[in-house]
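Below: the structure, in C-alpha cells.
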Amino acid sequence: MMARIRSLKPNVTRGEAIEQFSGYGMAALIRNAAYGPLRSIAEFYIPFRIVQVEIVNRNRRDQHILGLDAVNGSLDLYQFEQLPALPALNVLETRNFAQPALEPALVRELIVGKLQRLLFSSGFFRIQDLKISVEPVAGEIHVPYWISFRGRGSRVRLAALDAVRRRIEGPRVRHMLRQWLTTPPQA
C-alpha cells in the first residue's frame with residue numbers, strides 16, 4: 001500500500017550508494033567472495049518522532065532537537081541542527097517504510113533514559129541537579145536509507161546506508177528491515 005510520507009532529503013544518490021556498497025580493490029573482491037555479489041539496492045524509510053530537549057545540569061542549559069525512531073525506539077538518537085522544514089524535506093509516496101509502532105507517551109521516557117545514560121557515561125560526578133525536559137514536535141519525519149541485497153541463490157545479506165549522514169548502519173537497522181520484510185502487510 002502506497003503512503004504519503006515526509007522524508008529528509010538524501011545526501012547520497014542511488015549511484016553513490018551502489019559505489020559505496022560495491023567497494024573497490026581487494027576489499028570488494030573479499031566481500032564478493034564471502035557474501036556474494038551485489039544483487040540490488042532499494043530505498044527504505046524509518047519514521048522518527050522529533051522532540052525539542054532542554055538539559056539543565058549545574059545551572060547550564062543546553063537545547064537540542066532530537067529524533068527517536070518511532071518503530072521501537074532502539075536506534076541511536078538523531079540530532080538535528082534545526083527543526084526540519086519543507087526546504088529540507090521531500091514529500092513522496094512509497095511503500096518502503098517501517099510502520100510507526102511506538103506510543104507517543106513512551107517517546108519521552110525513552111529519550112530521557114538515553115540522554116541520562118549518555119550524560120552519566122561522560123562522568124557521573126559531573127552531574128548535579130540534572131533536569132531534562134522533552135517537548136514533542138507534531139508529525140513524523142522519515143529518514144531515508146539505502147539497503148543493499150547481496151548473496152548467491154536464496155541466501156541474502158543486507159546492509160544499510162544512512163542516506164543523510166552517509167554512514168553504514170549496524171545490526172539494529174538491519175534487524176528492523178528484516179522484520180519489515182518478513183511481516184505480512186496489514187489489510
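In the C-alpha cells, chains take letters A, B, ... by order of appearance, with residues numbered from 1 within each chain and ligands from 1 in the order shown.
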So that I can check the surroundings of Val112 in chain A, please list as a list of chain:residue names every protein, DNA and RNA residue that reaches within 10 Å of it, counting only C-alpha atoms and ignoring chain neighbours fewer than 6 positions away. A:Val53, A:Ile55, A:Leu118, A:Lys131, A:Ile132, A:Ser133, A:Val134
Distance query Arg108 in chain A at most 9 Å, only C-alpha atoms, self and fewer than 2 positions along chain excluded, as JSON, numbers by chain: {"A": [51, 104, 105, 106, 110, 111, 112, 113, 133, 134, 135, 136]}
Could you name the residues that touch Asn72 in chain A at 12 Å or less, counting only C-alpha atoms, but leaving out those on the same chain fewer than 3 positions away, as a ChimeraX atom specification? /A:46-49,68-69,75-76,98-104,106-107,110,172-173,175-176,179
Could you pull out the alpha helix (DSSP H) residues of range 90-121 of chain A, going by DSSP on the backbone, and write them as JSON, numbers by chain? {"A": [104, 105, 106, 107, 108, 109, 110, 111, 112, 113, 114, 115, 116, 117, 118, 119, 120, 121]}
Which residue of A:Phe44, A:Ala28, A:Gly151, A:Asp62 approaches Arg178 in chain A most closely, using only C-alpha atoms: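 Of A:Phe44, A:Ala28, A:Gly151, A:Asp62, the one nearest Arg178 in chain A is A:Phe44, counting only C-alpha atoms.
Between Pro87 in chain A and the residues A:Asn57, A:Thr13, A:Ser121, A:Ser7, the shortest atom-to-atom distance, using only C-alpha atoms, involves A:Ser7.
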What gap, in Å, lies between CA of Arg31 in chain A and CA of Arg155 in chain A?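 Here the two named atoms are 14.6 Å from each other.
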At what distance in Å, to one decimal, does CA of Gln52 in chain A lie from CA of Gln116 in chain A?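 Distance reported for this atom pair: 15.7 Å.
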Among the residues of chain A, find those DSSP assigns to strand (DSSP E or B) from the backbone and print them as number ranges by chain. A: 3-8, 38-57, 60-69, 78-80, 89-94, 97, 131-150, 157-162, 167-168
A:Val164, A:Val56, A:Ile5, A:Ala27: which is nearest Leu130 in chain A, counting only C-alpha atoms?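 Counting only C-alpha atoms, the residue closest to Leu130 in chain A is A:Val56.
Among the candidate residues A:Lys114, A:Leu89, A:Ala42, A:Trp180, the one lying nearest to Asn11 in chain A is A:Leu89, with distances computed using only C-alpha atoms.
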Nearest candidate to Met2 in chain A (options A:Gln63, A:Ser40, A:Ser22, A:Thr94; using only C-alpha atoms): A:Thr94
